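S.K.: Input structure: run38.cif, which contains mmCIF, C-alpha atoms.
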data_data
loop_
_atom_site.label_atom_id
_atom_site.label_comp_id
_atom_site.auth_asym_id
_atom_site.auth_seq_id
_atom_site.Cartn_x
_atom_site.Cartn_y
_atom_site.Cartn_z
CA MET P 1 160.42 123.31 -44.31
CA PRO P 2 158.96 120.88 -41.78
CA ALA P 3 159.33 117.16 -42.38
CA GLN P 4 156.47 115.73 -44.42
CA THR P 5 157.36 112.07 -44.07
CA PRO P 6 154.75 109.87 -42.40
CA TYR P 7 155.51 109.27 -38.75
CA THR P 8 155.27 106.03 -36.82
CA SER P 9 154.73 105.50 -33.12
CA GLY P 10 158.43 104.96 -32.62
CA SER P 11 159.61 107.95 -34.67
CA TYR P 12 160.14 110.27 -31.72
CA GLN P 13 162.57 110.27 -28.83
CA LEU P 14 160.12 111.45 -26.18
CA ILE P 15 156.50 111.42 -27.22
CA ASN P 16 154.79 108.09 -27.50
CA LEU P 17 151.62 107.94 -29.55
CA SER P 18 150.46 104.45 -28.67
CA TYR P 19 147.69 105.66 -26.31
CA ILE P 20 146.37 108.29 -28.73
CA GLU P 21 146.46 105.84 -31.62
CA GLN P 22 144.64 103.19 -29.64
CA LEU P 23 141.98 105.74 -28.72
CA SER P 24 141.65 107.32 -32.15
CA ASN P 25 141.28 104.04 -34.02
CA GLY P 26 142.60 105.76 -37.13
CA ASP P 27 140.78 109.07 -36.63
CA LYS P 28 143.63 111.42 -37.60
CA ALA P 29 141.54 114.54 -36.98
CA PHE P 30 141.16 113.48 -33.34
CA GLU P 31 144.89 112.72 -33.00
CA LYS P 32 145.70 116.13 -34.43
CA GLU P 33 143.25 117.83 -32.05
CA ILE P 34 144.86 116.20 -29.00
CA VAL P 35 148.40 117.04 -30.14
CA GLN P 36 147.32 120.61 -30.91
CA ILE P 37 145.90 121.05 -27.40
CA PHE P 38 149.13 119.69 -25.92
CA VAL P 39 151.22 122.14 -27.96
CA GLU P 40 149.02 125.06 -26.87
CA GLN P 41 148.55 124.06 -23.25
CA ILE P 42 151.95 122.86 -22.09
CA PRO P 43 153.75 126.27 -22.12
CA GLN P 44 151.04 127.72 -19.84
CA ASP P 45 151.21 124.71 -17.56
CA LEU P 46 155.00 124.94 -17.27
CA ALA P 47 154.85 128.69 -16.67
CA GLN P 48 152.39 128.17 -13.81
CA LEU P 49 154.48 125.42 -12.27
CA LYS P 50 157.62 127.55 -12.32
CA GLU P 51 155.78 130.64 -11.12
CA HIS P 52 154.35 128.85 -8.08
CA PHE P 53 157.75 127.32 -7.29
CA ALA P 54 159.47 130.71 -7.54
CA ALA P 55 156.84 132.15 -5.20
CA GLY P 56 157.42 129.32 -2.73
CA ASP P 57 153.77 128.26 -2.92
CA PHE P 58 154.31 124.51 -2.69
CA ASN P 59 150.65 123.63 -2.39
CA LYS P 60 150.08 125.23 -5.77
CA VAL P 61 153.22 123.54 -7.14
CA LYS P 62 151.61 120.25 -6.22
CA GLN P 63 148.30 121.28 -7.83
CA SER P 64 150.06 122.41 -11.02
CA ALA P 65 152.00 119.15 -11.28
CA HIS P 66 148.76 117.24 -10.79
CA TYR P 67 146.97 119.34 -13.40
CA MET P 68 149.68 118.53 -15.97
CA LEU P 69 149.37 114.79 -15.51
CA PRO P 70 146.65 114.08 -18.12
CA SER P 71 148.55 116.02 -20.83
CA ILE P 72 151.84 114.39 -19.89
CA SER P 73 150.44 110.87 -19.73
CA ILE P 74 148.40 111.11 -22.93
CA LEU P 75 151.59 111.71 -24.89
CA GLY P 76 153.40 108.91 -23.08
CA LEU P 77 155.70 111.16 -21.05
CA GLU P 78 154.59 109.93 -17.65
CA THR P 79 157.18 107.16 -17.44
CA LYS P 80 159.94 109.59 -18.42
CA LEU P 81 158.96 112.02 -15.66
CA LYS P 82 157.77 109.54 -13.05
CA VAL P 83 160.43 110.34 -10.41
CA GLU P 84 160.03 114.08 -10.84
CA LEU P 85 156.23 114.07 -10.77
CA GLU P 86 156.06 111.81 -7.73
CA ALA P 87 158.52 114.07 -5.91
CA LEU P 88 156.37 117.12 -6.65
CA GLU P 89 153.26 115.31 -5.44
CA ALA P 90 154.97 114.25 -2.21
CA LEU P 91 156.94 117.49 -1.64
CA GLU P 92 159.31 115.72 0.72
CA SER P 93 162.58 116.39 -1.15
CA ALA P 94 164.98 119.24 -0.51
CA TYR P 95 164.37 122.57 -2.26
CA LYS P 96 167.36 122.09 -4.57
CA VAL P 97 166.18 118.64 -5.57
CA LEU P 98 162.68 119.91 -6.31
CA ARG P 99 164.15 122.74 -8.38
CA ARG P 100 166.15 120.20 -10.41
CA HIS P 101 162.99 118.15 -10.92
CA ILE P 102 161.12 121.19 -12.21
CA GLU P 103 163.99 121.93 -14.59
CA THR P 104 163.84 118.34 -15.87
CA ILE P 105 160.06 118.55 -16.37
CA ASP P 106 160.54 121.85 -18.19
CA THR P 107 163.25 120.44 -20.48
CA VAL P 108 161.42 117.19 -21.25
CA CYS P 109 158.08 118.92 -21.89
CA ASN P 110 159.64 121.55 -24.15
CA LYS P 111 161.47 118.89 -26.19
CA ALA P 112 158.25 116.87 -26.34
CA ARG P 113 156.41 119.99 -27.50
CA ALA P 114 158.95 120.48 -30.30
CA GLU P 115 158.35 116.87 -31.38
CA ALA P 116 154.59 117.42 -31.15
CA ILE P 117 154.89 120.48 -33.44
CA GLU P 118 156.85 118.38 -35.91
CA LEU P 119 154.13 115.74 -35.68
CA LEU P 120 151.41 118.35 -36.32
CA HIS P 121 153.13 119.24 -39.60
CA SER P 122 153.00 115.61 -40.67
CA TYR P 123 149.18 115.52 -40.53
CA ALA P 124 147.53 116.31 -43.83
CA MET C 1 121.96 107.98 -21.26
CA ASN C 2 122.54 111.72 -20.94
CA CYS C 3 126.14 112.46 -19.90
CA LEU C 4 128.11 115.40 -18.60
CA ILE C 5 131.91 115.69 -18.44
CA VAL C 6 133.44 117.70 -15.59
CA ASP C 7 137.21 118.17 -15.81
CA ASP C 8 139.43 121.25 -15.64
CA ASN C 9 141.89 119.78 -18.16
CA LYS C 10 141.00 120.24 -21.83
CA ILE C 11 142.96 117.19 -23.01
CA ALA C 12 141.17 115.01 -20.46
CA ARG C 13 137.77 116.36 -21.64
CA THR C 14 138.67 115.78 -25.29
CA THR C 15 139.68 112.15 -24.70
CA LEU C 16 136.49 111.51 -22.73
CA LYS C 17 134.41 113.01 -25.54
CA LYS C 18 136.06 110.59 -27.94
CA LEU C 19 135.35 107.65 -25.64
CA ILE C 20 131.72 108.69 -25.17
CA SER C 21 131.29 108.79 -28.96
CA LEU C 22 132.11 105.06 -29.08
CA ASP C 23 128.82 104.07 -27.42
CA PRO C 24 125.64 105.17 -29.19
CA CYS C 25 123.69 104.78 -25.92
CA LEU C 26 125.62 107.74 -24.50
CA VAL C 27 124.52 111.27 -25.33
CA LEU C 28 126.97 113.98 -24.34
CA ILE C 29 124.89 116.93 -23.14
CA ASP C 30 127.76 119.22 -22.26
CA GLU C 31 131.22 119.55 -20.74
CA CYS C 32 132.25 121.73 -17.81
CA SER C 33 135.68 122.88 -16.72
CA ASN C 34 134.70 123.29 -13.07
CA ALA C 35 132.33 121.77 -10.53
CA THR C 36 130.26 124.90 -9.89
CA GLU C 37 129.32 125.15 -13.56
CA ALA C 38 128.43 121.44 -13.49
CA TYR C 39 126.27 121.87 -10.37
CA ILE C 40 124.13 124.47 -12.14
CA LYS C 41 123.84 122.35 -15.30
CA ILE C 42 122.74 119.30 -13.33
CA LEU C 43 119.98 121.28 -11.65
CA GLU C 44 118.84 122.69 -14.99
CA GLN C 45 118.64 119.53 -17.08
CA PRO C 46 118.35 115.78 -16.65
CA ILE C 47 121.85 114.31 -16.48
CA GLU C 48 122.01 110.56 -15.91
CA LEU C 49 125.75 109.94 -15.93
CA LEU C 50 128.56 112.18 -14.75
CA PHE C 51 132.22 111.75 -15.67
CA LEU C 52 133.74 113.63 -12.79
CA ASP C 53 137.34 114.64 -12.14
CA ILE C 54 138.23 114.83 -8.45
CA GLU C 55 140.94 117.48 -8.08
CA MET C 56 139.74 120.76 -9.53
CA PRO C 57 140.23 124.35 -8.41
CA GLY C 58 137.36 125.57 -6.22
CA MET C 59 134.76 122.90 -5.58
CA THR C 60 136.28 119.41 -5.91
CA GLY C 61 134.60 116.45 -7.59
CA MET C 62 134.00 114.85 -4.19
CA GLU C 63 132.30 118.00 -2.91
CA LEU C 64 130.12 118.17 -6.01
CA ALA C 65 129.07 114.52 -5.59
CA GLN C 66 128.17 115.18 -1.94
CA SER C 67 126.22 118.36 -2.69
CA LEU C 68 123.84 117.04 -5.34
CA GLY C 69 121.40 115.19 -3.07
CA GLN C 70 118.48 113.63 -4.93
CA LYS C 71 119.54 115.29 -8.18
CA ARG C 72 122.71 113.20 -8.18
CA PRO C 73 123.27 111.30 -11.42
CA LEU C 74 125.29 108.09 -11.65
CA ILE C 75 128.94 109.03 -11.19
CA ILE C 76 132.14 107.69 -12.70
CA PHE C 77 135.14 109.38 -11.13
CA THR C 78 138.07 110.01 -13.46
CA THR C 79 141.32 111.05 -11.84
CA SER C 80 145.10 110.94 -12.18
CA ASN C 81 145.49 110.04 -8.53
CA ARG C 82 144.73 106.53 -7.29
CA ASP C 83 144.88 107.69 -3.67
CA TYR C 84 141.27 108.88 -3.85
CA ALA C 85 139.82 105.47 -4.71
CA ALA C 86 138.67 104.51 -1.21
CA ASP C 87 137.06 107.88 -0.50
CA ALA C 88 135.43 107.87 -3.92
CA PHE C 89 133.80 104.46 -3.46
CA ASP C 90 132.53 105.60 -0.06
CA LEU C 91 130.38 108.03 -2.03
CA ASP C 92 128.63 105.10 -3.68
CA VAL C 93 129.75 105.84 -7.21
CA ILE C 94 129.56 103.51 -10.21
CA ASP C 95 133.30 103.40 -10.84
CA PHE C 96 136.65 105.05 -10.37
CA ILE C 97 138.97 105.12 -13.35
CA THR C 98 142.47 106.54 -13.60
CA LYS C 99 143.70 108.75 -16.42
CA PRO C 100 144.65 108.25 -19.13
CA VAL C 101 141.44 106.26 -19.55
CA THR C 102 141.77 103.29 -21.88
CA THR C 103 138.96 102.22 -24.20
CA VAL C 104 138.58 98.84 -22.49
CA ARG C 105 138.41 100.35 -19.01
CA PHE C 106 135.94 103.00 -20.18
CA LEU C 107 133.61 100.44 -21.76
CA GLN C 108 133.73 98.32 -18.58
CA SER C 109 132.59 101.34 -16.60
CA ILE C 110 129.78 102.07 -19.01
CA GLU C 111 128.54 98.48 -18.73
CA LYS C 112 128.48 98.89 -14.93
CA ALA C 113 126.46 102.10 -15.30
CA LYS C 114 123.99 100.42 -17.65
CA GLU C 115 123.56 97.47 -15.31
CA PHE C 116 122.97 99.82 -12.40
CA GLN C 117 120.44 101.84 -14.34
CA LYS C 118 118.51 98.69 -15.27
CA THR C 119 118.13 97.64 -11.65
CA LYS C 120 117.47 101.09 -10.26
CA ILE C 121 113.94 101.69 -9.02
CA SER C 122 112.78 105.04 -10.31
CA PRO C 123 110.66 107.21 -8.00
CA LEU C 124 107.59 105.75 -9.67
CA ASP C 125 107.49 102.49 -11.60
CA LEU C 126 104.46 101.13 -13.37
CA ILE C 127 104.40 97.39 -12.64
CA GLU C 128 100.87 96.28 -13.44
CA GLU C 129 97.81 98.01 -14.72
CA ASP C 130 96.07 98.39 -11.37
CA PHE C 131 98.90 99.44 -9.06
CA ILE C 132 102.17 101.34 -9.00
CA PHE C 133 105.22 101.37 -6.77
CA ILE C 134 106.39 104.69 -5.42
CA ARG C 135 109.50 105.64 -3.47
CA ASP C 136 108.34 107.73 -0.54
CA SER C 137 111.03 108.94 1.93
CA GLY C 138 113.22 105.88 1.36
CA THR C 139 110.31 103.41 1.47
CA VAL C 140 109.09 101.67 -1.67
CA ARG C 141 105.31 101.50 -1.36
CA ARG C 142 102.58 99.89 -3.44
CA LEU C 143 99.61 102.07 -4.31
CA GLN C 144 96.39 100.89 -5.95
CA LEU C 145 95.68 103.19 -8.88
CA ASP C 146 92.03 103.08 -7.90
CA ASN C 147 92.87 104.68 -4.55
CA ILE C 148 94.63 107.69 -6.07
CA LEU C 149 92.44 110.80 -6.12
CA TYR C 150 94.77 113.28 -7.81
CA LEU C 151 98.39 114.37 -8.07
CA GLU C 152 99.88 117.79 -7.55
CA ALA C 153 103.30 119.15 -8.63
CA GLN C 154 105.17 121.07 -5.95
CA GLY C 155 108.70 122.14 -6.89
CA ASP C 156 110.85 119.06 -7.44
CA TYR C 157 108.19 116.82 -5.88
CA VAL C 158 104.82 115.38 -6.79
CA LYS C 159 102.20 114.87 -4.09
CA ILE C 160 100.01 111.83 -4.63
CA TYR C 161 96.70 112.20 -2.78
CA VAL C 162 94.86 109.11 -1.56
CA ALA C 163 91.78 109.25 0.75
CA ASN C 164 92.89 111.33 3.74
CA GLN C 165 96.65 111.48 3.16
CA PHE C 166 99.30 112.11 0.51
CA TYR C 167 102.72 110.75 -0.48
CA ASN C 168 105.62 112.85 -1.73
CA ILE C 169 107.79 111.51 -4.52
CA HIS C 170 110.83 113.17 -6.05
CA SER C 171 109.83 113.54 -9.68
CA THR C 172 108.30 115.86 -12.23
CA LEU C 173 104.58 115.74 -12.97
CA LYS C 174 105.41 115.10 -16.62
CA SER C 175 107.41 111.94 -15.95
CA VAL C 176 104.70 110.67 -13.56
CA GLU C 177 102.04 111.40 -16.18
CA GLU C 178 103.93 109.27 -18.71
CA LYS C 179 103.76 106.28 -16.39
CA LEU C 180 100.10 106.51 -15.45
CA PRO C 181 97.41 104.90 -17.65
CA ALA C 182 95.81 107.62 -19.76
CA SER C 183 92.53 105.71 -19.58
CA VAL C 184 92.25 106.56 -15.87
CA PHE C 185 94.24 109.77 -15.32
CA LEU C 186 93.99 113.15 -16.99
CA ARG C 187 96.02 116.33 -16.78
CA VAL C 188 93.68 119.26 -15.92
CA HIS C 189 96.22 121.92 -15.00
CA ARG C 190 99.96 122.60 -15.28
CA SER C 191 100.26 121.34 -11.71
CA PHE C 192 97.45 118.77 -11.43
CA ILE C 193 96.58 115.32 -12.76
CA ILE C 194 93.31 113.75 -11.66
CA ASN C 195 91.79 110.30 -11.51
CA VAL C 196 88.71 110.91 -13.68
CA SER C 197 86.61 108.36 -11.83
CA LYS C 198 87.07 110.32 -8.57
CA ILE C 199 85.50 113.60 -9.73
CA ASP C 200 82.58 114.58 -7.51
CA THR C 201 81.61 117.89 -9.11
CA LEU C 202 82.80 120.39 -11.70
CA GLU C 203 81.76 123.97 -11.26
CA GLY C 204 83.25 126.73 -13.37
CA GLY C 205 86.96 126.16 -13.42
CA THR C 206 87.12 123.99 -10.33
CA LEU C 207 86.76 120.29 -9.66
CA ILE C 208 85.87 118.86 -6.30
CA ILE C 209 87.46 115.53 -5.53
CA ASN C 210 86.87 114.08 -2.10
CA LYS C 211 86.13 117.57 -0.69
CA SER C 212 89.36 119.03 -2.17
CA LEU C 213 89.35 121.78 -4.79
CA VAL C 214 91.35 121.11 -7.95
CA PRO C 215 91.70 123.90 -10.54
CA VAL C 216 91.09 123.24 -14.24
CA SER C 217 92.97 125.52 -16.62
CA ASP C 218 91.52 126.66 -19.94
CA ALA C 219 94.14 124.73 -21.89
CA TYR C 220 92.87 121.40 -20.52
CA ARG C 221 89.12 122.23 -20.30
CA ALA C 222 88.14 120.75 -23.68
CA ALA C 223 89.99 117.46 -23.01
CA LEU C 224 88.29 117.20 -19.61
CA ASN C 225 84.81 117.84 -21.03
CA LYS C 226 85.39 115.24 -23.72
CA ARG C 227 86.52 112.66 -21.20
CA MET C 228 83.65 113.32 -18.78
CA GLN C 229 81.06 112.77 -21.54
CA ILE C 230 78.63 115.08 -19.74
CA LEU C 231 74.98 114.26 -20.46
#
Give the structure from this file in structure tokens form.

M.R.:
Amino acid sequence: MPAQTPYTSGSYQLINLSYIEQLSNGDKAFEKEIVQIFVEQIPQDLAQLKEHFAAGDFNKVKQSAHYMLPSISILGLETKLKVELEALEALESAYKVLRRHIETIDTVCNKARAEAIELLHSYA
Amino acid sequence: MNCLIVDDNKIARTTLKKLISLDPCLVLIDECSNATEAYIKILEQPIELLFLDIEMPGMTGMELAQSLGQKRPLIIFTTSNRDYAADAFDLDVIDFITKPVTTVRFLQSIEKAKEFQKTKISPLDLIEEDFIFIRDSGTVRRLQLDNILYLEAQGDYVKIYVANQFYNIHSTLKSVEEKLPASVFLRVHRSFIINVSKIDTLEGGTLIINKSLVPVSDAYRAALNKRMQIL
């Protein structure tokens, strides 16, 4: 059974809800909607990022990383992935380094998604 | 103020919708996930304020802003990338805000848009009862209402006829009609408004005003007859 205890902004290791809470002003339906979109959207975004990297299409890698920014930043993940995202925007690092950055983004976003799913269960 | 959101990211659109709902002066007409869809919507309906993402697949926000010409609404660029700021302001936009957009920053932008809208001279502004100002090819010109013979809609423009010349303004006949005094001007056709005091003759379904023929459609005939008080 998922946890039913009320969450607080500091309850999670990765996601940070301070922006969403400031925006929602207590509107839980809105908070839930945003978290739901994140949960649905992030696997597709990650898949695209990895697909373009595997194909060696670095222009599209850059576009995919840029596209993910609003989702990442809205859940407070931007600071945690700052180095990686900047490297993908600049595309100046070695291939191996970029690959490691993509792996980090993948890991962090998937963990954040798991936390977001847990959070979704906490909404009434 | 009628608004349109243009952003390829659903989370970004959803947060903007929430922010727009904070100000009752803002009416969200629609949201678009790409610039081409937005271009069509802007041509179809009156949009006054555009929340426009810059980097989108296909047509970018910058390209959309450049392509709209006289149909261009006020624009607030919303982007994740600060590097575009200089280019964006070159396009004479209201503001440039980075995502995620905070409530305070959003409301500041909206205040700027409202201030701009207040000071903006519309294509035709009624200032006094006996004259109007029109914007004609970049020049703001004063016209005595008494000198206007009639007005004709032509596409996105209205031709204002005076004596032996006319002025073109970018507007609809309906919005011009709303600004002209009903005591002097009368709609006689889907595409024509006349100055009643300038009618020379009426024969059948045609008026002659200063040697020009102006059609009268059946729908407006009764109103015209009533106004002319024919003896």

S.K.: Rank nothing, just name the residue among P:Leu49, P:Phe58, P:Ser11, P:Met68 nearest to chain C, using all atoms listed in the file.

M.R.: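 Closest candidate: P:Met68.
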
S.K.: Looking at C:Ser67, C:Gln154, C:Ser33, C:Thr79, which one is nearest to chain P, with distances taken over only C-alpha atoms?

M.R.: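 Nearest to chain P: C:Thr79.
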
S.K.: Could you check the closest approach to Ile15 of chain P for each of P:Asp106, P:Glu40, P:Glu89, P:Glu78 and tell me which residue wins, using all atoms listed in the file?

M.R.: P:Glu78

S.K.: Using only C-alpha atoms, find all polymer residues with an atom at most 12 Å away from the point (136.2, 99.2, -16.2); report them as a short mmCIF file (atom, residue, chain, number, x, y, z; two decimals) with C-alpha atoms, in the coordinates of the input.

M.R.:
data_model
loop_
_atom_site.label_atom_id
_atom_site.label_comp_id
_atom_site.auth_asym_id
_atom_site.auth_seq_id
_atom_site.Cartn_x
_atom_site.Cartn_y
_atom_site.Cartn_z
CA ILE C 76 132.14 107.69 -12.70
CA PHE C 77 135.14 109.38 -11.13
CA THR C 78 138.07 110.01 -13.46
CA ILE C 94 129.56 103.51 -10.21
CA ASP C 95 133.30 103.40 -10.84
CA PHE C 96 136.65 105.05 -10.37
CA ILE C 97 138.97 105.12 -13.35
CA THR C 98 142.47 106.54 -13.60
CA VAL C 101 141.44 106.26 -19.55
CA THR C 102 141.77 103.29 -21.88
CA THR C 103 138.96 102.22 -24.20
CA VAL C 104 138.58 98.84 -22.49
CA ARG C 105 138.41 100.35 -19.01
CA PHE C 106 135.94 103.00 -20.18
CA LEU C 107 133.61 100.44 -21.76
CA GLN C 108 133.73 98.32 -18.58
CA SER C 109 132.59 101.34 -16.60
CA ILE C 110 129.78 102.07 -19.01
CA GLU C 111 128.54 98.48 -18.73
CA LYS C 112 128.48 98.89 -14.93
CA ALA C 113 126.46 102.10 -15.30
#

S.K.: Quick one: residues within 12 Å of Thr201 of chain C, only C-alpha atoms counted, chain neighbours fewer than 2 positions away excluded, as a ChimeraX atom specification?

M.R.: /C:196-199,203-215,228,230

S.K.: Determine the residue set returned by the PyMOL selection byres ((chain C) within 10 of (chain P)) for the present structure, and present it as a VMD selection string.

M.R.: chain C and resid 8 to 16 18 to 19 22 55 to 57 79 to 81 98 to 104

S.K.: Figure out the distance between atom CA of Glu21 of chain P and atom CA of Val27 of chain C, please, to one decimal in Å.

M.R.: 23.5 Å

S.K.: Determine, counting all atoms listed in the file, every residue of protein, DNA or RNA that lies within 9 Å of (128.1, 115.6, -7.9) in the file coordinates, then give the result as JSON, numbers by chain.

M.R.: {"C": [35, 38, 39, 42, 50, 52, 61, 62, 63, 64, 65, 66, 67, 68, 69, 71, 72, 73, 74, 75]}

S.K.: Atoms to include: C-alpha atoms. Write the selected residues as a compact mmCIF listing (two decimals), keeping the file's coordinate frame.

M.R.:
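Below is the file that was written, out-v9.txt:
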# COMPACT_ATOMS: atom_id res chain seq x y z
CA ALA C 35 132.33 121.77 -10.53
CA ALA C 38 128.43 121.44 -13.49
CA TYR C 39 126.27 121.87 -10.37
CA ILE C 42 122.74 119.30 -13.33
CA LEU C 50 128.56 112.18 -14.75
CA LEU C 52 133.74 113.63 -12.79
CA GLY C 61 134.60 116.45 -7.59
CA MET C 62 134.00 114.85 -4.19
CA GLU C 63 132.30 118.00 -2.91
CA LEU C 64 130.12 118.17 -6.01
CA ALA C 65 129.07 114.52 -5.59
CA GLN C 66 128.17 115.18 -1.94
CA SER C 67 126.22 118.36 -2.69
CA LEU C 68 123.84 117.04 -5.34
CA GLY C 69 121.40 115.19 -3.07
CA LYS C 71 119.54 115.29 -8.18
CA ARG C 72 122.71 113.20 -8.18
CA PRO C 73 123.27 111.30 -11.42
CA LEU C 74 125.29 108.09 -11.65
CA ILE C 75 128.94 109.03 -11.19

S.K.: Give me the residues near Lys41 of chain C as a list in words, where near means some atom within 10 Å (using only C-alpha atoms) and where sequence neighbours in that chain fewer than 2 positions away do not count.

M.R.: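 With the cut-off at 10 Å, the set is Leu4, Ile29, Asp30, Glu31, Cys32, Ala35, Thr36, Glu37, Ala38, Tyr39, Leu43, Glu44, Gln45, Pro46 and Ile47 of chain C.
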
S.K.: Which centre and which edge lengths, in Å to one decimal, describe the axis-aligned box that holds all listed atoms of segment 213-230 of chain C after 4 Å is added on each side, as JSON?

M.R.:
{"center_x": 86.4, "center_y": 119.7, "center_z": -14.3, "size_x": 23.5, "size_y": 22.0, "size_z": 26.9}

S.K.: Evaluate the PyMOL selection byres ((chain C and resi 220) around 10) against this structure - the residues, as a ChimeraX atom specification, please.

M.R.: /C:186-190,216-219,221-225

S.K.: What does the PyMOL selection byres ((chain P and resi 104) around 12) select in this file, as a list in words?

M.R.: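 This file gives the following for the PyMOL selection byres ((chain P and resi 104) around 12): Leu46, Lys50, Lys80, Leu81, Lys82, Val83, Glu84, Leu85, Leu88, Val97, Leu98, Arg99, Arg100, His101, Ile102, Glu103, Ile105, Asp106, Thr107, Val108, Cys109, Asn110, Lys111 and Ala112 of chain P.
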
S.K.: What is the atom CA of Gln48 of chain P-atom CA of Leu120 of chain P distance in Å, reported with one decimal?

M.R.: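 Atom-to-atom, atom CA of Gln48 of chain P and atom CA of Leu120 of chain P are spaced 24.6 Å apart.
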
S.K.: May I ask for the distance between atom CA of Lys62 of chain P and atom CA of Asp90 of chain C, given in Å to one decimal place?

M.R.: 24.8 Å

S.K.: Name all residues at most 6 Å from Tyr157 of chain C (count only C-alpha atoms; drop same-chain ones fewer than 2 positions away) and give them as a PyMOL selection string.

M.R.: chain C and resi 154-155+169-171
